[in-house]
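Trainee: Below is one structure. I have some questions about it.
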Protein chains: 2
Amino acid sequence: MARLVQQLATPELGQLVAQLSVRYEKYRFRELKLDLTRGKPSTEQLKLSDAMDGVLQGNFRASDGTDVRNYGGLRGIPEARQLGATLMNTRPEWVMAGGNSSLTLMHQLVHAALSHGLWGAGSAWSDEAEASGRPIRFLCPVPGYDRHFTICESLGIEMVNVAIGPDGPDLAELELLLADDPNIKGIWCIPKYSNPTGCVYSDAVIRGLAELPKRAGRNFLILWDNAYGVHDFEFPARPLPDLMSYADAAGTADHVAMFTSTSKITFAGGGIGFLAASAAVLSAFEKRLSASTIGPDKVNQLRHARFLDGRIEDHMRAHAELVRPRFDAVLERLERDLGGREIASWTRPSGGYFISFDTMPGLAREVVKLAADVGVALTPAGATFTYGKDPDDRNIRLAPTFPSVADVTAATEVFTVCVQLATARKLLLSRTDR
Amino acid sequence: MARLVQQLATPELGQLVAQLSVRYEKYRFRELKLDLTRGKPSTEQLKLSDAMDGVLQGNFRASDGTDVRNYGGLRGIPEARQLGATLMNTRPEWVMAGGNSSLTLMHQLVHAALSHGLWGAGSAWSDEAEASGRPIRFLCPVPGYDRHFTICESLGIEMVNVAIGPDGPDLAELELLLADDPNIKGIWCIPKYSNPTGCVYSDAVIRGLAELPKRAGRNFLILWDNAYGVHDFEFPARPLPDLMSYADAAGTADHVAMFTSTSKITFAGGGIGFLAASAAVLSAFEKRLSASTIGPDKVNQLRHARFLDGRIEDHMRAHAELVRPRFDAVLERLERDLGGREIASWTRPSGGYFISFDTMPGLAREVVKLAADVGVALTPAGATFTYGKDPDDRNIRLAPTFPSVADVTAATEVFTVCVQLATARKLLLSRTDR
């Protein structure tokens, strides 16, 4: 077995850097144009839902008789709410079926909580911020999803990094922070196949989260973005314990907002977003929402309900057949090129859209730049952290779903060379520095 | 010719009230359930677009090669932007094609102007409100559209009533108000077949409006809701002069935001909303928008573009064939029962969705209540005014498009009896009071 790069004598290390540089420079001439940046479904995945256009066959009536072509119905049609309930494993009466974006629902809900409050008169977070003279803050498990962080930034909410482990965030750390600051009003969670680590929150963590609003200042909100709830690619699928049931039992149901969408089930740009919340929160939100819309696109809701009725599992298995080989391609390359070398670590998810990769500290930016210079686009280093700043500069998110298996393989090969080159260079530099 | 009710001797007036009361009371036994409240297309109108579901026939590529099924593209696909440009008579590069609601775009744009500004650093209206210690205000031509007013209320913007005439708002009145208060930052306009009066703004008024931002404090915005731009039902159709061209020539293009939608062209709940604005304003807005969405439903945009391509005029003629008879039914009844009696006035639009009806002062609430009590639902009196308060309590909006012609006729008959009864009663009461 080859020695670890850390164990090489300095001349050998210099030789290794030279070898890797030659390999790296050769990529320039291949004029690659590869992209592992965004969690987008591949064209083959999108094709699985092509039959949705035309599925209504002239029947535009929802199960309750609503003409879906006309105005109205802020909570969505019954069968769409049932679809959302199935995807989130919750009750249809708690579900609002919206437009094409769960991100929009998240932004609108957080904005409503901030500006008007979701828990009756005097519950607006902004009032508390003003009264205390300090900003509203959110707990942000990191690495996490940059668009959650953007919502906070756009609404002037300060973010507090908390570490995420293989079972989810550390409850003790959360409770400590909450005890310290009643202005902490929310936490972003991606409970299943978390973006980017791919971890699934454990039952114990979810039970603990259901209790969390009791440890927090008033009007705390758990934002539960269950974007990958049915996006398993290894079976039997891992079930996600139901936060809402635990919260209901703990008396904290008014402090949970669950989200999902069909963006990675049907069409990424033309799906349906869902919110699930208690009756009280749904009513308060609906009231705010009515100032800006007459209702969601119910025609598209009916299309989705009819198309997916009774076949979600089969449909997601077909997705899995397309997604798994791409993850396998990345993981095999990573293992072959970097396995056992103690210069990097990465996650091995069994669902979702991402692999989280950690370099040695201080190298993520350098690796992303090296890759970009030879035509392999990676998510910007730091994007998975609040304010775009990874304090250790080591996390890189890999998103293998969109390119072909061949392109994923080629891109990962370039990536591992960049990681080895950056690592070897840095080690060499640190020795010459001494 | 019958004498005017005003000229009747008191005993005759008493007799008339008795006669009308008998007629009115008879309606109770008919257990009517008629509705002239909302500007909704009829089922027959919706059917005109049924072929839209399935129109893509497996081809999901936009003209620029975009796969409309996937994420991205905040401004919409080229052919949807072209559709919006055609509907608004403007340039496609100025158009953003959004989701299913132009109301949402209006709310988002006003919110962006308020909280962050659309005209560069330091242009947020909220900063000016804070610095001056006085609220931001909008000019609201009345009678107008309640949902515009709701946007203002939900965002804490004060509203100032201005009168609307047959050619649009009175420029002199607007300029006077603007000279007086630099915190007036916007005006709501429905320039063609205005809701509810049905008037079309004249060329002179539109030219004057293009100059208005020069008379206002900084960062003024004309909100041009051209919801009924192609919704003529008498031909030749009345063209609407292009505000954006005038504004461009006047150097005020950065202070115009035009809106329209296909809600009353295809599906009211499943259409496309459009915004047209200058490059600078579109960029500023897009930046704000990116915090809450990855992009609109481009699949539905492509459906619309393919379905309406080259046949908007024919399609709108088919709508006109369904809408005109309903307006005729109302107008004929009004003329037959109330014509020449000098107790009411109403508009006779040649397009759009509404008729604006004025009773004698102080009777609108009473008429709406009388009608409701015998099963005819009308838009609440006051709804067409800011804060839901008609200072003269005389305006009632009639919306005849949704019910059948028979129902529209029946509802209008009840309505005219209610108007006559309320008027005669009031006159009688005023004499007995003396």
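Residues in the structure tokens are named by chain (A, B, ... in the order shown) and by number from 1 within that chain; ligands are numbered from 1 in the order shown.
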List the spatial neighbours of Met360 in chain A as a list in words - criterion: any atom at most 10 Å away, only C-alpha atoms, same-chain residues fewer than 6 positions off excluded.
Mentor: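 Final neighbour list, sorted by chain and number: Glu342, Ile343, Ala344, Ser345, Asp392, Asp393, Arg394, Asn395, Val419, Ala422, Thr423 and Lys426 of chain A.
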Trainee: Please produce a file of the residues just selected, as a compact mmCIF listing (two decimals), in the first residue's frame, where the atoms kept are all heavy atoms.
Mentor:
```txt
# COMPACT_ATOMS: atom_id res chain seq x y z
N GLU A 342 -6.28 9.76 3.80
CA GLU A 342 -6.38 10.69 4.93
C GLU A 342 -6.16 12.14 4.55
O GLU A 342 -5.58 12.93 5.31
CB GLU A 342 -5.42 10.27 6.05
CG GLU A 342 -5.78 8.90 6.59
CD GLU A 342 -4.87 8.43 7.72
OE1 GLU A 342 -4.14 9.25 8.29
OE2 GLU A 342 -4.91 7.22 8.01
N ILE A 343 -6.54 12.50 3.33
CA ILE A 343 -6.44 13.92 2.94
C ILE A 343 -7.81 14.52 2.67
O ILE A 343 -7.93 15.71 2.36
CB ILE A 343 -5.55 14.12 1.68
CG1 ILE A 343 -6.15 13.37 0.48
CG2 ILE A 343 -4.12 13.67 1.96
CD1 ILE A 343 -5.47 13.74 -0.84
N ALA A 344 -8.84 13.69 2.75
CA ALA A 344 -10.19 14.20 2.49
C ALA A 344 -11.21 13.24 3.07
O ALA A 344 -10.89 12.06 3.33
CB ALA A 344 -10.42 14.36 0.99
N SER A 345 -12.43 13.73 3.29
CA SER A 345 -13.51 12.84 3.69
C SER A 345 -14.77 13.27 2.95
O SER A 345 -14.86 14.40 2.48
CB SER A 345 -13.71 12.91 5.20
OG SER A 345 -14.05 14.23 5.58
N ASP A 392 -13.50 27.03 7.96
CA ASP A 392 -12.33 26.17 7.76
C ASP A 392 -11.93 26.05 6.29
O ASP A 392 -10.95 25.38 5.97
CB ASP A 392 -12.60 24.76 8.32
CG ASP A 392 -12.83 24.79 9.82
OD1 ASP A 392 -12.17 25.62 10.50
OD2 ASP A 392 -13.67 24.02 10.31
N ASP A 393 -12.71 26.67 5.42
CA ASP A 393 -12.44 26.59 3.98
C ASP A 393 -12.16 25.14 3.55
O ASP A 393 -11.14 24.86 2.94
CB ASP A 393 -11.27 27.52 3.60
CG ASP A 393 -11.07 27.57 2.08
OD1 ASP A 393 -12.03 27.33 1.34
OD2 ASP A 393 -9.92 27.84 1.66
N ARG A 394 -13.09 24.25 3.86
CA ARG A 394 -12.83 22.86 3.50
C ARG A 394 -14.01 22.16 2.84
O ARG A 394 -13.84 21.12 2.22
CB ARG A 394 -12.41 22.07 4.74
CG ARG A 394 -13.48 21.93 5.81
CD ARG A 394 -12.92 21.30 7.07
NE ARG A 394 -12.26 20.03 6.77
CZ ARG A 394 -11.65 19.29 7.67
NH1 ARG A 394 -11.58 19.70 8.93
NH2 ARG A 394 -11.09 18.16 7.35
N ASN A 395 -15.22 22.72 2.93
CA ASN A 395 -16.39 22.00 2.42
C ASN A 395 -16.70 22.32 0.96
O ASN A 395 -16.73 23.48 0.55
CB ASN A 395 -17.62 22.31 3.29
CG ASN A 395 -18.80 21.43 2.94
OD1 ASN A 395 -19.78 21.88 2.37
ND2 ASN A 395 -18.68 20.15 3.24
N VAL A 419 -7.82 17.92 -5.96
CA VAL A 419 -7.70 17.75 -4.50
C VAL A 419 -6.29 17.29 -4.15
O VAL A 419 -5.64 17.83 -3.24
CB VAL A 419 -8.75 16.74 -3.98
CG1 VAL A 419 -8.49 16.42 -2.51
CG2 VAL A 419 -10.17 17.29 -4.16
N ALA A 422 -3.72 20.18 -4.85
CA ALA A 422 -3.79 21.27 -3.86
C ALA A 422 -3.22 20.81 -2.52
O ALA A 422 -2.50 21.55 -1.84
CB ALA A 422 -5.24 21.72 -3.69
N THR A 423 -3.52 19.55 -2.16
CA THR A 423 -3.05 19.03 -0.87
C THR A 423 -1.53 18.88 -0.87
O THR A 423 -0.85 19.32 0.07
CB THR A 423 -3.71 17.66 -0.60
OG1 THR A 423 -5.12 17.78 -0.77
CG2 THR A 423 -3.41 17.19 0.82
N LYS A 426 0.24 22.23 -0.85
CA LYS A 426 0.16 22.90 0.45
C LYS A 426 1.14 22.28 1.45
O LYS A 426 1.81 23.00 2.20
CB LYS A 426 -1.27 22.78 0.97
CG LYS A 426 -1.44 23.21 2.41
CD LYS A 426 -2.49 24.27 2.56
CE LYS A 426 -2.54 24.74 3.99
NZ LYS A 426 -3.67 25.60 4.26
```
Trainee: Show me, as a tab-separated table (two decimals) with C-alpha atoms, in the first residue's frame, every residue of chain A with an atom at most 6 Å from chain B, counting only C-alpha atoms.
Mentor:
```
chain	number	residue	atom	x	y	z
A	53	ASP	CA	-48.98	17.62	-20.06
A	54	GLY	CA	-52.33	16.48	-21.39
A	69	ARG	CA	-59.43	26.76	-14.40
A	70	ASN	CA	-61.06	29.62	-12.50
A	71	TYR	CA	-59.89	31.88	-9.67
A	103	LEU	CA	-38.80	28.29	-1.57
A	104	THR	CA	-41.38	31.01	-2.23
A	107	HIS	CA	-39.83	33.23	2.08
A	150	THR	CA	-30.38	33.99	1.31
A	151	ILE	CA	-33.92	34.20	2.68
A	267	PHE	CA	-40.73	19.10	-13.33
A	268	ALA	CA	-38.13	21.13	-11.43
A	269	GLY	CA	-39.54	24.41	-12.79
A	270	GLY	CA	-43.18	23.41	-13.09
A	291	ALA	CA	-52.90	40.35	0.00
A	292	SER	CA	-50.67	39.13	-2.80
A	293	THR	CA	-52.51	36.36	-4.64
A	297	ASP	CA	-52.30	27.37	-10.25
A	299	VAL	CA	-54.77	23.35	-13.07
```
Trainee: Just how far from CA of Leu243 in chain B is CA of Thr86 in chain B, in Å to one decimal?
Mentor: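 Value for the CA of Thr86 in chain B-CA of Leu243 in chain B distance: 14.4 Å.
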Trainee: Write down as a count of residues only the residues of range 69-190 of chain A whose backbone DSSP state falls under strand (DSSP E or B).
Mentor: 25
Trainee: Counting only C-alpha atoms, which residue out of B:Val408, B:Leu118, B:Ala372, B:Leu174 sits closest to Leu139 in chain B?
Mentor: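 Ranking B:Val408, B:Leu118, B:Ala372, B:Leu174 by distance to Leu139 in chain B, first place goes to B:Leu174.
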Trainee: Find the residues near Lys185 in chain B: any atom within 7 Å, counting only C-alpha atoms, skip ones fewer than 2 places away on the same chain, and give them as a list in words.
Mentor: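 Here the answer would be Ile136, Arg137, Phe138, Asn183, Asn219, Phe220 and Leu221 of chain B.
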Trainee: Write out as a PyMOL selection string which residues come within 10 Å of Glu175 in chain A when counting only C-alpha atoms, dropping same-chain ones fewer than 5 positions away.
Mentor: chain A and resi 170+180+208-209+212-216
Trainee: Restricted to N, CA and C atoms, what would the selected residues look like written as a PDB file, in the first residue's frame?
Mentor:
```pdb
ATOM      1  N   ASP A 170     -26.818  19.043  16.801  1.00  0.00           N
ATOM      2  CA  ASP A 170     -26.568  18.635  18.185  1.00  0.00           C
ATOM      3  C   ASP A 170     -27.534  19.386  19.115  1.00  0.00           C
ATOM      4  N   ASP A 180     -29.531  31.341  25.737  1.00  0.00           N
ATOM      5  CA  ASP A 180     -28.736  32.559  25.789  1.00  0.00           C
ATOM      6  C   ASP A 180     -29.395  33.751  25.099  1.00  0.00           C
ATOM      7  N   GLY A 208     -36.274  15.475  20.039  1.00  0.00           N
ATOM      8  CA  GLY A 208     -35.697  16.615  20.752  1.00  0.00           C
ATOM      9  C   GLY A 208     -36.080  17.932  20.113  1.00  0.00           C
ATOM     10  N   LEU A 209     -36.096  17.965  18.776  1.00  0.00           N
ATOM     11  CA  LEU A 209     -36.477  19.201  18.074  1.00  0.00           C
ATOM     12  C   LEU A 209     -37.920  19.585  18.385  1.00  0.00           C
ATOM     13  N   LEU A 212     -37.967  21.604  21.298  1.00  0.00           N
ATOM     14  CA  LEU A 212     -37.119  22.798  21.248  1.00  0.00           C
ATOM     15  C   LEU A 212     -37.871  24.118  21.455  1.00  0.00           C
ATOM     16  N   PRO A 213     -39.077  24.279  20.856  1.00  0.00           N
ATOM     17  CA  PRO A 213     -39.773  25.555  21.045  1.00  0.00           C
ATOM     18  C   PRO A 213     -40.017  25.895  22.520  1.00  0.00           C
ATOM     19  N   LYS A 214     -40.033  24.871  23.395  1.00  0.00           N
ATOM     20  CA  LYS A 214     -40.220  25.141  24.834  1.00  0.00           C
ATOM     21  C   LYS A 214     -38.960  25.731  25.465  1.00  0.00           C
ATOM     22  N   ARG A 215     -37.816  25.436  24.852  1.00  0.00           N
ATOM     23  CA  ARG A 215     -36.551  25.953  25.389  1.00  0.00           C
ATOM     24  C   ARG A 215     -36.223  27.327  24.823  1.00  0.00           C
ATOM     25  N   ALA A 216     -36.989  27.737  23.802  1.00  0.00           N
ATOM     26  CA  ALA A 216     -36.668  28.989  23.095  1.00  0.00           C
ATOM     27  C   ALA A 216     -37.510  30.140  23.617  1.00  0.00           C
TER      28      ALA A 216
END
```
Trainee: What's the 10 Å shell around Tyr24 in chain B, counting only C-alpha atoms, without same-chain residues fewer than 2 positions away, as a PyMOL selection string?
Mentor: chain B and resi 18-22+26-29+370-371+374+414-415+417-418+421
Trainee: Could you give me, as a PyMOL selection string, the residues within 12 Å of Phe357 in chain A, counting only C-alpha atoms and dropping anything in the same chain fewer than 3 positions from it?
Mentor: chain A and resi 143+195-198+330-331+334+338+343-349+354+360-361+363-364+367-368+378-379+381+384+393-399+412+415-416+419
Trainee: For the helix (DSSP H, G or I) assignment from backbone DSSP, which residues of range 72-110 of chain B qualify? Please present them as number ranges by chain.
Mentor: B: 78-88, 92-94, 102-110
Trainee: So how many Å separate CA of Asp254 in chain A and CA of Leu109 in chain A, to one decimal?
Mentor: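 Distance between the two atoms: 13.1 Å.
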Trainee: What's the 7 Å shell around Ala305 in chain A, counting only C-alpha atoms, without same-chain residues fewer than 5 positions away, as a list of chain:residue names?
Mentor: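 So the residues in contact are A:Glu79, A:Ala80, A:Leu83.
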